[in-house]
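Asks: Structure incoming, see below.
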Amino acid sequence: MQTKVYEIQTVENGYVYTFISRGKRDVVKVVRYNKLLNIYHSESGKMITAYNLGFGNSKNDRFEIDDQVRSNNGDMYVVFNTVLHTIPLFLSKVGFAAICVRGSDEIRHLAYHRFVERNISRLKLEYELYGLLNDFIEPYINGQRYTYIAILPKKIYI
């Protein structure tokens, strides 16, 4: 089954992606990856870089993100799938890395958890899923609410 996604544009050397949410109105969305820190990956024995995945509506032509506005455009799952579709594109630029996600507020953070839980079997085909809670990282457990959701690719994209 093919997952519907919007057409993606890459800007700023592959660290920023844009697309248009089409629903009640057209809304320009921005996905931005920012370097967080280096973490030790026990399975590979290597230090890897963790990136924050920031997402929201475009504030201006410099692709700044407004992550507080609610679009209510009726296409939430297409938007989530499009955001997920940027991950392998980004990893093909930077190599093996962790991607960390946290909603800008509790409603958005809960929406991310729900999306992961509804799609966990599909996500686990390509990614290892982890949760960060009280400064500890553990394999993702459905129903547990984490400070951050972290994913690692099962394959190297470079």
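Scheme for the structure tokens: letters A, B, ... for chains in order shown; per-chain residue numbers from 1; ligand numbers from 1 in order shown.
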With a distance cut-off of 12 Å and only C-alpha atoms, select the neighbouring residues of stretch 140-154 of chain A, excluding the residue or stretch itself and same-chain residues fewer than 5 positions from it, and output the selection as a PyMOL selection string.
Replies: chain A and resi 39+41+43-44+48-53+84+87-92+94-106+109-121+123-135
Asks: With DSSP run on the backbone, what are the alpha helix (DSSP H) residues within stretch 26-153 of chain A? I'd like them as a ChimeraX atom specification.
Replies: /A:76-94,106-118,120-123
Asks: Considering only strand (DSSP E or B) as DSSP defines it on the backbone, what residues of stretch 24-131 of chain A qualify? List them as a ChimeraX atom specification.
Replies: /A:26-41,46-58,65-66,97-101,127-131
Asks: Give me the residues near A:Ser58 as a ChimeraX atom specification, where near means some atom within 7 Å (using only C-alpha atoms) and where sequence neighbours in that chain fewer than 6 positions away do not count.
Replies: /A:28-30,64-66
Asks: Skipping near chain neighbours, those fewer than 6 positions away, what residues fall within 10 Å of A:Tyr77 using only C-alpha atoms, listed as a list in words?
Replies: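 That gives Thr3, Lys4, Val5, Val83 and Phe115 of chain A.
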Asks: Rounded to one decimal place, report the atom CA of A:Thr18-atom CA of A:Asp67 distance in Å.
Replies: 14.0 Å
Asks: Skipping near chain neighbours, those fewer than 3 positions away, what residues fall within 6 Å of A:Arg32 using only C-alpha atoms, listed as a list in words?
Replies: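 Counting only the stated atoms, we get Tyr15, Val16, Leu53 and Gly54 of chain A.
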Asks: Between A:Val31, A:Ile107, A:Ile20, A:Val79, which is the closest to A:Phe55 once you count only C-alpha atoms?
Replies: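 Closest to A:Phe55, using only C-alpha atoms: A:Val31.
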Asks: Measuring between only C-alpha atoms, which one of A:Lys93, A:Glu138, A:Asp26, A:Ser71 shows the shortest distance to A:Glu12?
Replies: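 Of all the options, A:Lys93 lies closest to A:Glu12.
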Asks: One number please: atom CA of A:Val69 to atom CA of A:Gly56, in Å, one decimal.
Replies: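 These two atoms are separated by 7.8 Å.
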Asks: Show me, as a ChimeraX atom specification, the residues that have an atom within 10 Å of A:Asn72 when counting only C-alpha atoms, minus same-chain residues fewer than 2 positions from it.
Replies: /A:23-25,69-70,74-76
Asks: Go ahead and save the residues from that selection, with C-alpha atoms, as a PDB file, in the first residue's frame.
Replies:
ATOM      1  CA  GLY A  23      -6.871  21.300   2.319  1.00  0.00           C
ATOM      2  CA  LYS A  24      -9.205  24.117   3.244  1.00  0.00           C
ATOM      3  CA  ARG A  25      -6.394  26.391   2.086  1.00  0.00           C
ATOM      4  CA  VAL A  69      -0.298  27.817  14.961  1.00  0.00           C
ATOM      5  CA  ARG A  70      -2.974  25.202  14.237  1.00  0.00           C
ATOM      6  CA  GLY A  74      -7.937  18.229   7.340  1.00  0.00           C
ATOM      7  CA  ASP A  75      -4.789  16.448   6.134  1.00  0.00           C
ATOM      8  CA  MET A  76      -2.920  15.616   9.359  1.00  0.00           C
TER       9      MET A  76
END
Asks: Between atom CA of A:Phe80 and atom CA of A:Ser21, what is the distance in Å, rounded to a tenth?
Replies: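 Rounded to one decimal, the two atoms are 10.6 Å apart.
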